[in-house]
Amino acid sequence: KAVRTQIGKGIDVVKIYADYRWGLFRDAQPTFLPEEIELIVKTAASSSRQVVAHASTAEGMRRAILGGCVTIEHGDGGTPEIFKLMKERGVALCPTIAAGDAISQYRGWRKGMEPDPERIQQKRNSVKAALEAGVTICMGGDVGVFTHGENAREMELMVEYGMKPMDVLKAATSVNADVFRWGNRIGRVKQGLFADLIAVEGNPTQTISDVRKVHFVMKAGNIYLNK
C-alpha cells in the first residue's frame, strides 16, 4: 500500500531500508522479511519502477539482493559471499564512502593524524571485496551528511579506496545512468542525449580532484557557467 501511494504521488524510484538500527539494542537488523521485499519489488515493477535498498548488514543485503533490489546503498557489512551474490544477480553497490568518512571526523577522528577507526577499516575492506568480486559500482555520497556541493569528495575517496579515476568518472555518469535505466537519455556525450556537460581544468582521468575545477556548465543545451 505504501509503495502504491508513493508511486501515485509521482516518485521515480522506491527506496527501502532493508536494515536499520532498531530493537532493544539499537543495532542494525533486517527490517523486512524476504517475501515482503519481493512483494515491494513486484508492486513497484507493475508501474515500471525500480527498488533500491539501504543496507549495511550482510543479512539485510542478502534479503535485498534476493528480493530484486537493483542497488545496495552503503554495504559496510558486505562479505565476499554477499558481493559474489551481487555480481551474480547484477545488483550495483553505491558505497557512500564520504558519509562514513565525514561522520567519523565529526566524532573526533583526526584523519591523517590518527589510525583509521574500526568503521573506516571495515569500509575499506568491504569496498575492496566488492571490487574484487567485480560488482558494478555506482556513485552517490549521501550528501547532506556532509556539505552539499562537495559531492566530489565521494569521487576522491572512491579513488583512495582502490578505483581508477576513469572508473569513478564512469560510475558518476554512464554507470549511474544505466543502472537507473536512463542510459538512453543521459550519462554520455552522444548525439540524441540531453546536452548536460561540464568542462574542468586539468585531467580528472588522471587526477580525480580536478573535477572540482569547473569552468563550464551546460544543462539541456543551456549554458549556465562559462569562465
# chains A, B, ... in the order shown; residues from 1 in each chain; ligands from 1
call {"tool": "residues_around", "arguments": {"residues": "Gly8 in chain A", "least_positions_apart": "5", "cutoff": "12 Å", "atoms": "only C-alpha atoms", "output": "JSON, numbers by chain"}}
result
{"A": [1, 2, 3, 13, 14, 44, 47, 49]}
call {"tool": "residues_around", "arguments": {"residues": "Thr207 in chain A", "least_positions_apart": "6", "cutoff": "12 Å", "atoms": "only C-alpha atoms", "output": "PyMOL selection string"}}
result
chain A and resi 152+155-156+159-160+164-166+168-169+200-201+213
call {"tool": "write_last_selection", "arguments": {"atoms": "N, CA, C and O atoms", "output": "PDB file, in the first residue's frame"}}
result
ATOM      1  N   ALA A 152      32.201  15.964  -4.934  1.00  0.00           N
ATOM      2  CA  ALA A 152      33.485  15.461  -5.434  1.00  0.00           C
ATOM      3  C   ALA A 152      34.251  14.707  -4.351  1.00  0.00           C
ATOM      4  O   ALA A 152      35.117  13.873  -4.662  1.00  0.00           O
ATOM      5  N   MET A 155      33.987  11.063  -4.934  1.00  0.00           N
ATOM      6  CA  MET A 155      34.791  10.598  -6.062  1.00  0.00           C
ATOM      7  C   MET A 155      36.264  10.458  -5.666  1.00  0.00           C
ATOM      8  O   MET A 155      36.937   9.495  -6.043  1.00  0.00           O
ATOM      9  N   GLU A 156      36.739  11.414  -4.891  1.00  0.00           N
ATOM     10  CA  GLU A 156      38.135  11.353  -4.427  1.00  0.00           C
ATOM     11  C   GLU A 156      38.359  10.145  -3.529  1.00  0.00           C
ATOM     12  O   GLU A 156      39.390   9.456  -3.625  1.00  0.00           O
ATOM     13  N   VAL A 159      38.595   6.790  -5.394  1.00  0.00           N
ATOM     14  CA  VAL A 159      39.954   6.552  -5.898  1.00  0.00           C
ATOM     15  C   VAL A 159      40.864   6.114  -4.761  1.00  0.00           C
ATOM     16  O   VAL A 159      41.635   5.157  -4.891  1.00  0.00           O
ATOM     17  N   GLU A 160      40.753   6.800  -3.624  1.00  0.00           N
ATOM     18  CA  GLU A 160      41.573   6.448  -2.462  1.00  0.00           C
ATOM     19  C   GLU A 160      41.331   5.005  -2.028  1.00  0.00           C
ATOM     20  O   GLU A 160      42.248   4.323  -1.555  1.00  0.00           O
ATOM     21  N   LYS A 164      40.035   3.216 -10.159  1.00  0.00           N
ATOM     22  CA  LYS A 164      40.756   4.066 -11.092  1.00  0.00           C
ATOM     23  C   LYS A 164      39.928   5.315 -11.377  1.00  0.00           C
ATOM     24  O   LYS A 164      38.693   5.243 -11.421  1.00  0.00           O
ATOM     25  N   PRO A 165      40.586   6.475 -11.572  1.00  0.00           N
ATOM     26  CA  PRO A 165      39.831   7.701 -11.837  1.00  0.00           C
ATOM     27  C   PRO A 165      38.824   7.559 -12.976  1.00  0.00           C
ATOM     28  O   PRO A 165      37.696   8.044 -12.868  1.00  0.00           O
ATOM     29  N   MET A 166      39.197   6.896 -14.063  1.00  0.00           N
ATOM     30  CA  MET A 166      38.269   6.739 -15.177  1.00  0.00           C
ATOM     31  C   MET A 166      37.037   5.941 -14.768  1.00  0.00           C
ATOM     32  O   MET A 166      35.909   6.252 -15.169  1.00  0.00           O
ATOM     33  N   VAL A 168      35.770   5.820 -11.812  1.00  0.00           N
ATOM     34  CA  VAL A 168      34.956   6.686 -10.947  1.00  0.00           C
ATOM     35  C   VAL A 168      34.134   7.653 -11.787  1.00  0.00           C
ATOM     36  O   VAL A 168      32.944   7.877 -11.517  1.00  0.00           O
ATOM     37  N   LEU A 169      34.741   8.216 -12.818  1.00  0.00           N
ATOM     38  CA  LEU A 169      34.014   9.117 -13.709  1.00  0.00           C
ATOM     39  C   LEU A 169      32.858   8.388 -14.394  1.00  0.00           C
ATOM     40  O   LEU A 169      31.762   8.927 -14.536  1.00  0.00           O
ATOM     41  N   VAL A 200      36.273  21.009 -17.155  1.00  0.00           N
ATOM     42  CA  VAL A 200      37.095  21.310 -15.978  1.00  0.00           C
ATOM     43  C   VAL A 200      38.528  21.579 -16.385  1.00  0.00           C
ATOM     44  O   VAL A 200      38.985  21.171 -17.466  1.00  0.00           O
ATOM     45  N   GLU A 201      39.230  22.262 -15.529  1.00  0.00           N
ATOM     46  CA  GLU A 201      40.659  22.490 -15.726  1.00  0.00           C
ATOM     47  C   GLU A 201      41.425  21.251 -15.267  1.00  0.00           C
ATOM     48  O   GLU A 201      41.136  20.703 -14.207  1.00  0.00           O
ATOM     49  N   LYS A 213      37.436  21.689 -10.374  1.00  0.00           N
ATOM     50  CA  LYS A 213      37.838  22.913 -11.079  1.00  0.00           C
ATOM     51  C   LYS A 213      36.920  23.154 -12.271  1.00  0.00           C
ATOM     52  O   LYS A 213      37.352  23.137 -13.428  1.00  0.00           O
TER      53      LYS A 213
END
call {"tool": "residues_around", "arguments": {"residues": "Ala130 in chain A", "least_positions_apart": "6", "cutoff": "10 Å", "atoms": "only C-alpha atoms", "output": "mmCIF file with all heavy atoms, in the first residue's frame"}}
result
data_model
loop_
_atom_site.group_PDB
_atom_site.id
_atom_site.type_symbol
_atom_site.label_atom_id
_atom_site.label_comp_id
_atom_site.auth_asym_id
_atom_site.auth_seq_id
_atom_site.Cartn_x
_atom_site.Cartn_y
_atom_site.Cartn_z
ATOM 1 N N GLY A 75 26.443 -0.850 2.258
ATOM 2 C CA GLY A 75 27.087 -2.158 2.134
ATOM 3 C C GLY A 75 28.282 -2.375 3.035
ATOM 4 O O GLY A 75 29.130 -3.229 2.745
ATOM 5 N N GLY A 78 29.174 -5.961 4.047
ATOM 6 C CA GLY A 78 29.218 -6.947 2.977
ATOM 7 C C GLY A 78 30.407 -7.889 3.095
ATOM 8 O O GLY A 78 31.493 -7.486 3.500
ATOM 9 N N THR A 79 30.188 -9.142 2.769
ATOM 10 C CA THR A 79 31.236 -10.159 2.800
ATOM 11 C C THR A 79 31.540 -10.584 1.365
ATOM 12 O O THR A 79 30.768 -10.305 0.445
ATOM 13 C CB THR A 79 30.764 -11.388 3.584
ATOM 14 O OG1 THR A 79 29.634 -11.965 2.884
ATOM 15 C CG2 THR A 79 30.348 -11.006 5.001
ATOM 16 N N PRO A 80 32.658 -11.283 1.142
ATOM 17 C CA PRO A 80 32.943 -11.779 -0.212
ATOM 18 C C PRO A 80 31.790 -12.591 -0.790
ATOM 19 O O PRO A 80 31.492 -12.493 -1.990
ATOM 20 C CB PRO A 80 34.198 -12.634 -0.003
ATOM 21 C CG PRO A 80 34.908 -11.973 1.137
ATOM 22 C CD PRO A 80 33.804 -11.541 2.054
ATOM 23 N N GLU A 81 31.115 -13.385 0.050
ATOM 24 C CA GLU A 81 29.996 -14.192 -0.417
ATOM 25 C C GLU A 81 28.825 -13.312 -0.855
ATOM 26 O O GLU A 81 28.166 -13.586 -1.872
ATOM 27 C CB GLU A 81 29.544 -15.142 0.689
ATOM 28 C CG GLU A 81 30.538 -16.224 1.067
ATOM 29 C CD GLU A 81 31.721 -15.702 1.875
ATOM 30 O OE1 GLU A 81 31.585 -14.645 2.546
ATOM 31 O OE2 GLU A 81 32.787 -16.359 1.841
ATOM 32 N N ILE A 82 28.555 -12.264 -0.090
ATOM 33 C CA ILE A 82 27.462 -11.352 -0.430
ATOM 34 C C ILE A 82 27.776 -10.606 -1.723
ATOM 35 O O ILE A 82 26.910 -10.459 -2.602
ATOM 36 C CB ILE A 82 27.205 -10.357 0.717
ATOM 37 C CG1 ILE A 82 26.577 -11.074 1.912
ATOM 38 C CG2 ILE A 82 26.318 -9.207 0.245
ATOM 39 C CD1 ILE A 82 25.180 -11.609 1.660
ATOM 40 N N PHE A 83 29.015 -10.159 -1.875
ATOM 41 C CA PHE A 83 29.371 -9.434 -3.095
ATOM 42 C C PHE A 83 29.374 -10.362 -4.303
ATOM 43 O O PHE A 83 29.057 -9.939 -5.421
ATOM 44 C CB PHE A 83 30.715 -8.719 -2.920
ATOM 45 C CG PHE A 83 30.650 -7.558 -1.961
ATOM 46 C CD1 PHE A 83 31.483 -7.489 -0.852
ATOM 47 C CD2 PHE A 83 29.736 -6.532 -2.165
ATOM 48 C CE1 PHE A 83 31.412 -6.425 0.027
ATOM 49 C CE2 PHE A 83 29.652 -5.463 -1.277
ATOM 50 C CZ PHE A 83 30.492 -5.413 -0.182
ATOM 51 N N LYS A 84 29.706 -11.611 -4.100
ATOM 52 C CA LYS A 84 29.615 -12.586 -5.184
ATOM 53 C C LYS A 84 28.157 -12.731 -5.637
ATOM 54 O O LYS A 84 27.864 -12.805 -6.838
ATOM 55 C CB LYS A 84 30.161 -13.944 -4.721
ATOM 56 C CG LYS A 84 30.141 -15.047 -5.775
ATOM 57 C CD LYS A 84 30.818 -16.315 -5.232
ATOM 58 C CE LYS A 84 30.857 -17.424 -6.285
ATOM 59 N NZ LYS A 84 29.530 -17.968 -6.562
ATOM 60 N N MET A 86 25.855 -10.416 -5.317
ATOM 61 C CA MET A 86 25.513 -9.175 -6.013
ATOM 62 C C MET A 86 25.957 -9.238 -7.466
ATOM 63 O O MET A 86 25.215 -8.847 -8.377
ATOM 64 C CB MET A 86 26.157 -7.969 -5.322
ATOM 65 C CG MET A 86 25.540 -7.594 -3.996
ATOM 66 S SD MET A 86 26.267 -6.098 -3.262
ATOM 67 C CE MET A 86 25.659 -4.827 -4.367
ATOM 68 N N LYS A 87 27.170 -9.708 -7.686
ATOM 69 C CA LYS A 87 27.698 -9.829 -9.045
ATOM 70 C C LYS A 87 26.825 -10.768 -9.864
ATOM 71 O O LYS A 87 26.473 -10.457 -11.015
ATOM 72 C CB LYS A 87 29.136 -10.346 -8.980
ATOM 73 C CG LYS A 87 29.750 -10.702 -10.328
ATOM 74 C CD LYS A 87 29.932 -9.482 -11.212
ATOM 75 C CE LYS A 87 30.657 -9.850 -12.503
ATOM 76 N NZ LYS A 87 30.783 -8.712 -13.429
ATOM 77 N N ALA A 92 23.977 -3.464 -8.221
ATOM 78 C CA ALA A 92 25.058 -2.487 -8.090
ATOM 79 C C ALA A 92 25.214 -2.028 -6.645
ATOM 80 O O ALA A 92 24.260 -2.054 -5.861
ATOM 81 C CB ALA A 92 24.803 -1.286 -8.996
ATOM 82 N N LEU A 93 26.422 -1.583 -6.313
ATOM 83 C CA LEU A 93 26.718 -1.052 -4.979
ATOM 84 C C LEU A 93 26.981 0.439 -5.056
ATOM 85 O O LEU A 93 27.767 0.901 -5.884
ATOM 86 C CB LEU A 93 27.951 -1.746 -4.397
ATOM 87 C CG LEU A 93 28.476 -1.178 -3.067
ATOM 88 C CD1 LEU A 93 27.503 -1.463 -1.936
ATOM 89 C CD2 LEU A 93 29.860 -1.740 -2.735
ATOM 90 N N PRO A 95 28.588 2.778 -2.584
ATOM 91 C CA PRO A 95 29.271 2.610 -1.291
ATOM 92 C C PRO A 95 29.181 3.783 -0.319
ATOM 93 O O PRO A 95 29.407 3.599 0.879
ATOM 94 C CB PRO A 95 30.718 2.350 -1.701
ATOM 95 C CG PRO A 95 30.865 2.977 -3.044
ATOM 96 C CD PRO A 95 29.535 2.806 -3.714
ATOM 97 N N THR A 136 29.291 -4.059 -9.893
ATOM 98 C CA THR A 136 29.108 -2.750 -10.504
ATOM 99 C C THR A 136 29.045 -1.690 -9.410
ATOM 100 O O THR A 136 28.282 -1.823 -8.452
ATOM 101 C CB THR A 136 27.806 -2.709 -11.329
ATOM 102 O OG1 THR A 136 27.912 -3.657 -12.390
ATOM 103 C CG2 THR A 136 27.549 -1.324 -11.903
ATOM 104 N N ILE A 137 29.859 -0.646 -9.543
ATOM 105 C CA ILE A 137 29.899 0.423 -8.550
ATOM 106 C C ILE A 137 29.279 1.676 -9.146
ATOM 107 O O ILE A 137 29.713 2.164 -10.196
ATOM 108 C CB ILE A 137 31.344 0.727 -8.104
ATOM 109 C CG1 ILE A 137 32.058 -0.541 -7.623
ATOM 110 C CG2 ILE A 137 31.338 1.809 -7.025
ATOM 111 C CD1 ILE A 137 31.504 -1.134 -6.350
#
call {"tool": "select_by_dssp", "arguments": {"residues": "range 16-179 of chain A", "states": "alpha helix (DSSP H)", "output": "JSON, numbers by chain"}}
result
{"A": [34, 35, 36, 37, 38, 39, 40, 41, 42, 43, 44, 45, 58, 59, 60, 61, 62, 63, 64, 65, 66, 67, 80, 81, 82, 83, 84, 85, 86, 87, 88, 89, 97, 98, 99, 100, 101, 102, 103, 104, 105, 106, 118, 119, 120, 121, 122, 123, 124, 125, 126, 127, 128, 129, 130, 131, 132, 133, 152, 153, 154, 155, 156, 157, 158, 159, 160, 165, 166, 167, 168, 169, 170, 176, 177, 178, 179]}
call {"tool": "atom_distance", "arguments": {"atom1": "CA of Cys94 in chain A", "atom2": "CA of His54 in chain A"}}
result
9.5 Å
call {"tool": "closest_residue", "arguments": {"among": "A:Glu88, A:Asp101, A:Glu118, A:Glu73", "to": "Cys138 in chain A", "atoms": "only C-alpha atoms"}}
result
A:Glu73
call {"tool": "select_by_dssp", "arguments": {"residues": "range 5-212 of chain A", "states": "strand (DSSP E or B)", "output": "PyMOL selection string"}}
result
chain A and resi 13-17+19-22+27-30+50-55+71-74+92-94+111+114+137+197-200
call {"tool": "closest_residue", "arguments": {"among": "A:Ala220, A:Ala199, A:Ile208, A:Ile97", "to": "His74 in chain A", "atoms": "only C-alpha atoms"}}
result
A:Ile97
call {"tool": "residues_around", "arguments": {"residues": "Arg185 in chain A", "least_positions_apart": "4", "cutoff": "8 Å", "atoms": "only C-alpha atoms", "output": "number ranges by chain"}}
result
A: 192-194
call {"tool": "closest_residue", "arguments": {"among": "A:Thr31, A:Asn125, A:Thr43, A:Thr5", "to": "Met61 in chain A", "atoms": "only C-alpha atoms"}}
result
A:Thr31
call {"tool": "closest_residue", "arguments": {"among": "A:Asn203, A:Val135, A:Ser126, A:Ile198", "to": "Lys227 in chain A", "atoms": "only C-alpha atoms"}}
result
A:Ile198
